[in-house]
Amino acid sequence: MRRGLLVVCLVVCVFFLAACQEAEVQIPIAPVGLGVTESEVTFGSSLALQGHAGYLGQETLRGAMSYLQHVNDGGGVHGRNIRLLTRDDSYDPPKCLDNTQRFLIEDQVFGLFCYVGTPTTVKILSLVEETKVPLLGMFTGANALREPFTPYLINVRASYYQETDAVVEHMVQDLGLTRIAVFYQYDAFGFDGLTGTELALKRFGLEPVARSSYVRGSHDIREGLERIRESGAEAVVMIGTSDPCANFIRKSLEADYSPIFYMVSFVGAKELSRNLLQTDTSGVDIIMSQVVPPPIRRDGTVAESAEEFVRLLEKYYPGEEPNFVGFEGYINAKVLVEALRRAGRELSRQSFLAAIASMTDFSLGGDVRLTFGPEDHQGMDKVYFTRLHEGRFLLLEDWAELVKGVQP
């Protein structure tokens, strides 16, 4: 009886489809891809919202959400609101993997967005490739997210290799330094920065005069500091998070050791300056590279590329100070929204990735432009340098300031 009923149903379906074709009836095609409905497209974000990297996740999220809320308030993209699900991973790789599995299996998100950190993001790479889910706007410059090329990974910022290469070039060519040490976090993040620094030094026939590390999540830098101090390093490249880097600087100055201290962008300018508020750094050169321009110029005016960011941050998060991390989150959101717009109403993961590849000259205003391509999924390459002065990291425009000891 059941078999006979099934046959009847199949026959009816065949005749129905044939009738539709003869009458040229248009059957609505549902959007292709998970996480997409008539009124919403859903993304998942695993990032540190507490713990020693919590500041980075919070600021990244505020910057991104200031723009996403603005877009949703205006009707979304092609009639769809952008829904962002967030889960805290506390900068812990296994927790990040668990969060991502839940996004994909339980929430069935369209894509992943604004992950924070190298060890956490690297942990999910095999999952991204297996499920072919787009991952856009990672707050990490890890080389593993860039080589070999993976079509589902969309980087916005410059890499750690680019950051360390640029600073080594300035130290060697502009400052004449040859004794450079590396202090790094003992994990994928730290190894990436260490390798980038070693490659950069090798270009000039040099290598680090000392290498020392600390365990992720700890503040114990004593052994590492002693090793670098004994090496007589003139500059220290620091690949870590804010607390241990600040502790390294404090303990160095207490021991009357004051080389040039340099940190990659992941350290976070606002958080490091806060950590050093009670430390006299007036006679010390503390440098940090950035992958976005300063949203606030040295004279206190707003940069052209950051005008919308500053306005929206004040609207949705009153009292929050514009900073580099939040600005990067905002730029990530701009890229996300532009890709959704270019992908069109019939949204799929394939059309989304094709839209990214079409963004060959996307402007944020001023001199900030992003360029992607079919085999180029990193939008920005420029590295900016800032110097700590009176509690703020300001744009370093002339490296001669360090040689002459001139205050900015």
# chains A, B, ... in the order shown; residues from 1 in each chain; ligands from 1

$ residues_around --residues "A:Glu375" --least-positions-apart "6" --cutoff "10 Å" --atoms "only C-alpha atoms" --output "list in words"
Phe149, Thr150, Pro151 and Ala357 of chain A

$ write_last_selection --atoms "N, CA and C atoms" --output "JSON list (two decimals), in the first residue's frame"
[["chain", "number", "residue", "atom", "x", "y", "z"],
["A", 149, "PHE", "N", 47.77, 29.39, -0.08],
["A", 149, "PHE", "CA", 46.52, 30.10, -0.29],
["A", 149, "PHE", "C", 45.33, 29.17, -0.07],
["A", 150, "THR", "N", 44.36, 29.63, 0.71],
["A", 150, "THR", "CA", 43.12, 28.90, 0.95],
["A", 150, "THR", "C", 41.97, 29.81, 0.58],
["A", 151, "PRO", "N", 41.11, 29.42, -0.35],
["A", 151, "PRO", "CA", 40.06, 30.34, -0.85],
["A", 151, "PRO", "C", 39.04, 30.75, 0.18],
["A", 357, "ALA", "N", 36.70, 38.52, -4.29],
["A", 357, "ALA", "CA", 37.71, 38.58, -5.35],
["A", 357, "ALA", "C", 37.53, 39.78, -6.27]]

$ residues_around --residues "A:Asp88" --least-positions-apart "5" --cutoff "12 Å" --atoms "only C-alpha atoms" --output "list in words"
Gly44, Ser45, Ser46, Leu47, Ala48, Leu49, Gln50, Gly51, Ala53, Gly54, Tyr55, Leu56, Gly57, Gln58, Leu61, Pro93, Pro94, Lys95, Cys96, Leu97, Asp98, Asn99, Thr100, Tyr115, Val116 and Thr120 of chain A

$ write_last_selection --atoms "C-alpha atoms" --output "PDB file, in the first residue's frame"
ATOM      1  CA  GLY A  44      29.626  33.260  14.004  1.00  0.00           C
ATOM      2  CA  SER A  45      32.508  34.863  15.907  1.00  0.00           C
ATOM      3  CA  SER A  46      34.706  33.059  18.450  1.00  0.00           C
ATOM      4  CA  LEU A  47      36.984  35.496  20.228  1.00  0.00           C
ATOM      5  CA  ALA A  48      38.427  36.296  23.626  1.00  0.00           C
ATOM      6  CA  LEU A  49      35.956  38.348  25.655  1.00  0.00           C
ATOM      7  CA  GLN A  50      37.661  37.782  28.995  1.00  0.00           C
ATOM      8  CA  GLY A  51      41.110  36.835  30.248  1.00  0.00           C
ATOM      9  CA  ALA A  53      43.399  38.807  25.585  1.00  0.00           C
ATOM     10  CA  GLY A  54      39.833  39.837  26.425  1.00  0.00           C
ATOM     11  CA  TYR A  55      40.519  43.483  25.659  1.00  0.00           C
ATOM     12  CA  LEU A  56      41.322  42.629  22.046  1.00  0.00           C
ATOM     13  CA  GLY A  57      38.109  40.684  21.534  1.00  0.00           C
ATOM     14  CA  GLN A  58      35.956  43.324  23.185  1.00  0.00           C
ATOM     15  CA  LEU A  61      33.652  43.371  18.510  1.00  0.00           C
ATOM     16  CA  PRO A  93      42.433  26.913  21.176  1.00  0.00           C
ATOM     17  CA  PRO A  94      40.307  23.871  22.224  1.00  0.00           C
ATOM     18  CA  LYS A  95      37.499  26.194  23.312  1.00  0.00           C
ATOM     19  CA  CYS A  96      37.696  28.037  19.990  1.00  0.00           C
ATOM     20  CA  LEU A  97      37.400  24.734  18.141  1.00  0.00           C
ATOM     21  CA  ASP A  98      34.364  23.761  20.212  1.00  0.00           C
ATOM     22  CA  ASN A  99      32.730  27.147  19.586  1.00  0.00           C
ATOM     23  CA  THR A 100      33.300  26.797  15.850  1.00  0.00           C
ATOM     24  CA  TYR A 115      38.259  35.593  15.111  1.00  0.00           C
ATOM     25  CA  VAL A 116      41.013  36.830  17.442  1.00  0.00           C
ATOM     26  CA  THR A 120      42.901  29.851  18.329  1.00  0.00           C
TER      27      THR A 120
END

$ atom_distance --atom1 "atom CA of A:Ala233" --atom2 "atom CA of A:Pro259"
6.9 Å

$ residues_around --residues "stretch 361-364 of chain A" --least-positions-apart "6" --cutoff "9 Å" --atoms "only C-alpha atoms" --output "ChimeraX atom specification"
/A:304-306,331,334-335,338,370-372,379

$ select_by_dssp --residues "stretch 81-251 of chain A" --states "alpha helix (DSSP H)" --output "PDB file with C-alpha atoms, in the first residue's frame"
ATOM      1  CA  PRO A  93      42.433  26.913  21.176  1.00  0.00           C
ATOM      2  CA  PRO A  94      40.307  23.871  22.224  1.00  0.00           C
ATOM      3  CA  LYS A  95      37.499  26.194  23.312  1.00  0.00           C
ATOM      4  CA  CYS A  96      37.696  28.037  19.990  1.00  0.00           C
ATOM      5  CA  LEU A  97      37.400  24.734  18.141  1.00  0.00           C
ATOM      6  CA  ASP A  98      34.364  23.761  20.212  1.00  0.00           C
ATOM      7  CA  ASN A  99      32.730  27.147  19.586  1.00  0.00           C
ATOM      8  CA  THR A 100      33.300  26.797  15.850  1.00  0.00           C
ATOM      9  CA  GLN A 101      31.859  23.300  15.715  1.00  0.00           C
ATOM     10  CA  ARG A 102      28.742  24.597  17.462  1.00  0.00           C
ATOM     11  CA  THR A 118      46.849  32.922  16.118  1.00  0.00           C
ATOM     12  CA  PRO A 119      46.702  29.755  18.290  1.00  0.00           C
ATOM     13  CA  THR A 120      42.901  29.851  18.329  1.00  0.00           C
ATOM     14  CA  THR A 121      42.383  30.548  14.633  1.00  0.00           C
ATOM     15  CA  VAL A 122      45.021  28.075  13.467  1.00  0.00           C
ATOM     16  CA  LYS A 123      43.205  25.413  15.490  1.00  0.00           C
ATOM     17  CA  LEU A 125      41.838  25.691   9.807  1.00  0.00           C
ATOM     18  CA  SER A 126      41.186  22.049   8.963  1.00  0.00           C
ATOM     19  CA  LEU A 127      37.522  22.523   9.914  1.00  0.00           C
ATOM     20  CA  VAL A 128      37.248  25.577   7.645  1.00  0.00           C
ATOM     21  CA  GLU A 129      38.725  23.694   4.704  1.00  0.00           C
ATOM     22  CA  GLU A 130      36.576  20.619   5.319  1.00  0.00           C
ATOM     23  CA  THR A 131      33.294  22.559   5.495  1.00  0.00           C
ATOM     24  CA  TYR A 160      53.324  39.539  11.138  1.00  0.00           C
ATOM     25  CA  TYR A 161      56.045  38.811   8.580  1.00  0.00           C
ATOM     26  CA  GLN A 162      55.338  42.205   7.039  1.00  0.00           C
ATOM     27  CA  GLU A 163      55.297  43.930  10.436  1.00  0.00           C
ATOM     28  CA  THR A 164      58.588  42.417  11.617  1.00  0.00           C
ATOM     29  CA  ASP A 165      60.255  42.864   8.223  1.00  0.00           C
ATOM     30  CA  ALA A 166      59.410  46.562   8.213  1.00  0.00           C
ATOM     31  CA  VAL A 167      60.651  47.205  11.757  1.00  0.00           C
ATOM     32  CA  VAL A 168      63.916  45.300  11.251  1.00  0.00           C
ATOM     33  CA  GLU A 169      64.581  47.321   8.111  1.00  0.00           C
ATOM     34  CA  ALA A 188      51.947  29.464  17.226  1.00  0.00           C
ATOM     35  CA  PHE A 189      51.671  33.259  17.591  1.00  0.00           C
ATOM     36  CA  GLY A 190      55.117  33.673  19.096  1.00  0.00           C
ATOM     37  CA  PHE A 191      56.751  31.231  16.684  1.00  0.00           C
ATOM     38  CA  ASP A 192      55.282  33.158  13.759  1.00  0.00           C
ATOM     39  CA  GLY A 193      56.701  36.449  14.996  1.00  0.00           C
ATOM     40  CA  LEU A 194      60.052  34.840  15.783  1.00  0.00           C
ATOM     41  CA  THR A 195      60.295  33.340  12.303  1.00  0.00           C
ATOM     42  CA  GLY A 196      59.327  36.637  10.687  1.00  0.00           C
ATOM     43  CA  THR A 197      62.033  38.467  12.647  1.00  0.00           C
ATOM     44  CA  GLU A 198      64.670  35.845  11.808  1.00  0.00           C
ATOM     45  CA  LEU A 199      63.830  36.068   8.101  1.00  0.00           C
ATOM     46  CA  ALA A 200      64.015  39.857   8.214  1.00  0.00           C
ATOM     47  CA  LEU A 201      67.378  39.845   9.996  1.00  0.00           C
ATOM     48  CA  LYS A 202      68.731  37.283   7.553  1.00  0.00           C
ATOM     49  CA  ARG A 222      62.347  36.750  34.590  1.00  0.00           C
ATOM     50  CA  GLU A 223      64.439  34.103  32.831  1.00  0.00           C
ATOM     51  CA  GLY A 224      63.735  35.542  29.416  1.00  0.00           C
ATOM     52  CA  LEU A 225      64.607  39.061  30.500  1.00  0.00           C
ATOM     53  CA  GLU A 226      67.903  37.976  32.043  1.00  0.00           C
ATOM     54  CA  ARG A 227      68.955  36.143  28.880  1.00  0.00           C
ATOM     55  CA  ILE A 228      68.218  39.150  26.680  1.00  0.00           C
ATOM     56  CA  ARG A 229      69.818  41.594  29.064  1.00  0.00           C
ATOM     57  CA  GLU A 230      73.027  39.553  29.169  1.00  0.00           C
ATOM     58  CA  SER A 231      73.126  39.535  25.355  1.00  0.00           C
ATOM     59  CA  SER A 242      49.863  43.173  26.719  1.00  0.00           C
ATOM     60  CA  ASP A 243      50.432  42.041  30.317  1.00  0.00           C
ATOM     61  CA  PRO A 244      53.688  40.077  29.880  1.00  0.00           C
ATOM     62  CA  CYS A 245      55.063  42.686  27.469  1.00  0.00           C
ATOM     63  CA  ALA A 246      54.329  45.472  29.954  1.00  0.00           C
ATOM     64  CA  ASN A 247      55.874  43.387  32.732  1.00  0.00           C
ATOM     65  CA  PHE A 248      59.004  42.852  30.626  1.00  0.00           C
ATOM     66  CA  ILE A 249      59.350  46.607  30.083  1.00  0.00           C
ATOM     67  CA  ARG A 250      58.797  47.432  33.775  1.00  0.00           C
ATOM     68  CA  LYS A 251      61.309  44.862  35.004  1.00  0.00           C
TER      69      LYS A 251
END

$ residues_around --residues "A:Leu84" --least-positions-apart "6" --cutoff "9 Å" --atoms "only C-alpha atoms" --output "PyMOL selection string"
chain A and resi 41-45+65+68+113

$ residues_around --residues "stretch 348-356 of chain A" --least-positions-apart "4" --cutoff "10 Å" --atoms "only C-alpha atoms" --output "JSON, numbers by chain"
{"A": [31, 32, 33, 34, 35, 36, 110, 111, 132, 133, 134, 136, 151, 152, 153, 154, 335, 336, 338, 339, 340, 341, 342, 343, 344, 360, 371, 372, 373, 374, 376, 377, 379]}

$ write_last_selection --atoms "C-alpha atoms" --output "mmCIF file, in the first residue's frame"
data_model
loop_
_atom_site.group_PDB
_atom_site.id
_atom_site.type_symbol
_atom_site.label_atom_id
_atom_site.label_comp_id
_atom_site.auth_asym_id
_atom_site.auth_seq_id
_atom_site.Cartn_x
_atom_site.Cartn_y
_atom_site.Cartn_z
ATOM 1 C CA PRO A 31 18.964 31.037 -1.385
ATOM 2 C CA VAL A 32 21.833 28.555 -1.580
ATOM 3 C CA GLY A 33 23.818 28.088 1.616
ATOM 4 C CA LEU A 34 23.296 27.652 5.291
ATOM 5 C CA GLY A 35 22.613 30.599 7.565
ATOM 6 C CA VAL A 36 20.584 32.528 4.983
ATOM 7 C CA PHE A 110 26.653 31.210 6.729
ATOM 8 C CA GLY A 111 30.215 32.236 7.609
ATOM 9 C CA LYS A 132 34.283 25.239 2.933
ATOM 10 C CA VAL A 133 32.928 27.969 5.195
ATOM 11 C CA PRO A 134 34.201 31.556 4.612
ATOM 12 C CA LEU A 136 36.762 36.761 7.203
ATOM 13 C CA PRO A 151 40.062 30.337 -0.852
ATOM 14 C CA TYR A 152 37.884 30.310 2.278
ATOM 15 C CA LEU A 153 40.216 32.521 4.362
ATOM 16 C CA ILE A 154 39.875 36.281 3.870
ATOM 17 C CA VAL A 335 34.581 44.407 3.904
ATOM 18 C CA LEU A 336 31.931 41.914 5.045
ATOM 19 C CA GLU A 338 30.553 45.188 0.766
ATOM 20 C CA ALA A 339 30.972 41.508 -0.141
ATOM 21 C CA LEU A 340 27.339 40.800 0.774
ATOM 22 C CA ARG A 341 26.218 43.718 -1.385
ATOM 23 C CA ARG A 342 28.236 42.558 -4.383
ATOM 24 C CA ALA A 343 27.095 38.954 -3.954
ATOM 25 C CA GLY A 344 23.497 40.017 -4.618
ATOM 26 C CA THR A 360 40.157 45.241 -6.431
ATOM 27 C CA THR A 371 42.561 45.189 -2.844
ATOM 28 C CA PHE A 372 41.651 41.516 -3.130
ATOM 29 C CA GLY A 373 41.773 39.124 -6.076
ATOM 30 C CA PRO A 374 40.994 35.525 -7.096
ATOM 31 C CA ASP A 376 44.851 37.316 -3.177
ATOM 32 C CA HIS A 377 42.801 37.235 0.018
ATOM 33 C CA GLY A 379 43.218 43.358 1.488
#

$ closest_residue --among "A:Gly76, A:Gly283, A:Pro148, A:Gly63" --to "A:Glu38" --atoms "only C-alpha atoms"
A:Gly76

$ select_by_dssp --residues "stretch 224-369 of chain A" --states "strand (DSSP E)" --output "list in words"
Ala235, Val236, Val237, Met238, Ile239, Ile260, Phe261, Tyr262, Met263, Ile286, Ile287, Met288, Ser289, Gln290, Phe362, Ser363, Leu364, Gly365, Val368 and Arg369 of chain A

$ atom_distance --atom1 "atom CA of A:Arg369" --atom2 "atom CA of A:Phe324"
16.5 Å

$ residues_around --residues "A:Phe266" --least-positions-apart "2" --cutoff "7 Å" --atoms "only C-alpha atoms" --output "number ranges by chain"
A: 140, 241, 264, 268

$ write_last_selection --atoms "C-alpha atoms" --output "PDB file, in the first residue's frame"
ATOM      1  CA  THR A 140      46.062  37.882  13.581  1.00  0.00           C
ATOM      2  CA  THR A 241      50.104  39.930  24.778  1.00  0.00           C
ATOM      3  CA  VAL A 264      53.651  43.842  16.972  1.00  0.00           C
ATOM      4  CA  GLY A 268      47.137  46.354  21.632  1.00  0.00           C
TER       5      GLY A 268
END

$ residues_around --residues "A:Leu313" --least-positions-apart "3" --cutoff "10 Å" --atoms "only C-alpha atoms" --output "PyMOL selection string"
chain A and resi 62-67+70+308-310+316-322+326-327+330

$ write_last_selection --atoms "N, CA and C atoms" --output "compact mmCIF listing (two decimals), in the first residue's frame"
# COMPACT_ATOMS: atom_id res chain seq x y z
N ARG A 62 33.34 45.64 19.36
CA ARG A 62 32.69 46.95 19.37
C ARG A 62 32.88 47.66 18.03
N GLY A 63 34.10 47.60 17.49
CA GLY A 63 34.34 48.25 16.21
C GLY A 63 33.51 47.66 15.09
N ALA A 64 33.44 46.33 15.04
CA ALA A 64 32.65 45.67 14.00
C ALA A 64 31.16 45.93 14.17
N MET A 65 30.67 45.81 15.39
CA MET A 65 29.24 45.96 15.62
C MET A 65 28.76 47.39 15.42
N SER A 66 29.62 48.37 15.61
CA SER A 66 29.20 49.75 15.38
C SER A 66 28.78 49.93 13.92
N TYR A 67 29.46 49.25 13.00
CA TYR A 67 29.08 49.36 11.59
C TYR A 67 27.94 48.40 11.24
N HIS A 70 24.70 49.82 12.34
CA HIS A 70 24.36 50.92 11.44
C HIS A 70 23.72 50.39 10.15
N GLU A 308 33.73 57.94 9.72
CA GLU A 308 32.50 57.18 9.95
C GLU A 308 32.65 56.29 11.18
N PHE A 309 33.80 55.66 11.33
CA PHE A 309 34.06 54.80 12.49
C PHE A 309 33.90 55.56 13.79
N VAL A 310 34.50 56.73 13.89
CA VAL A 310 34.44 57.53 15.11
C VAL A 310 33.00 57.95 15.40
N TYR A 316 26.78 54.20 18.95
CA TYR A 316 26.36 52.90 19.48
C TYR A 316 27.08 52.51 20.78
N TYR A 317 28.25 53.10 21.02
CA TYR A 317 29.00 52.82 22.25
C TYR A 317 29.49 54.14 22.84
N PRO A 318 28.60 54.96 23.35
CA PRO A 318 28.96 56.29 23.85
C PRO A 318 30.06 56.22 24.91
N GLY A 319 31.03 57.10 24.76
CA GLY A 319 32.12 57.18 25.73
C GLY A 319 33.30 56.30 25.41
N GLU A 320 33.18 55.37 24.46
CA GLU A 320 34.30 54.51 24.09
C GLU A 320 35.30 55.28 23.23
N GLU A 321 36.56 55.16 23.55
CA GLU A 321 37.60 55.89 22.84
C GLU A 321 38.00 55.16 21.56
N PRO A 322 38.03 55.86 20.42
CA PRO A 322 38.48 55.21 19.18
C PRO A 322 39.92 54.73 19.32
N GLY A 326 39.70 48.60 17.60
CA GLY A 326 38.32 48.83 17.19
C GLY A 326 38.21 49.25 15.74
N PHE A 327 39.16 50.05 15.28
CA PHE A 327 39.15 50.51 13.90
C PHE A 327 39.33 49.32 12.95
N TYR A 330 36.08 47.51 12.71
CA TYR A 330 35.18 48.27 11.84
C TYR A 330 35.50 48.00 10.37

$ atom_distance --atom1 "atom CA of A:Val267" --atom2 "atom CA of A:Glu397"
20.6 Å

$ closest_residue --among "A:Leu402, A:Val284, A:Leu395, A:Val156" --to "A:Arg297" --atoms "only C-alpha atoms"
A:Leu395

$ closest_residue --among "A:Ala181, A:Asp285, A:Pro294, A:Tyr384" --to "A:Val237" --atoms "only C-alpha atoms"
A:Ala181

$ closest_residue --among "A:Ala158, A:Arg392, A:Asp398, A:Val236" --to "A:Asn275" --atoms "only C-alpha atoms"
A:Arg392

$ closest_residue --among "A:Ser358, A:Ser273, A:Thr301, A:Ser289" --to "A:Leu388" --atoms "only C-alpha atoms"
A:Ser273
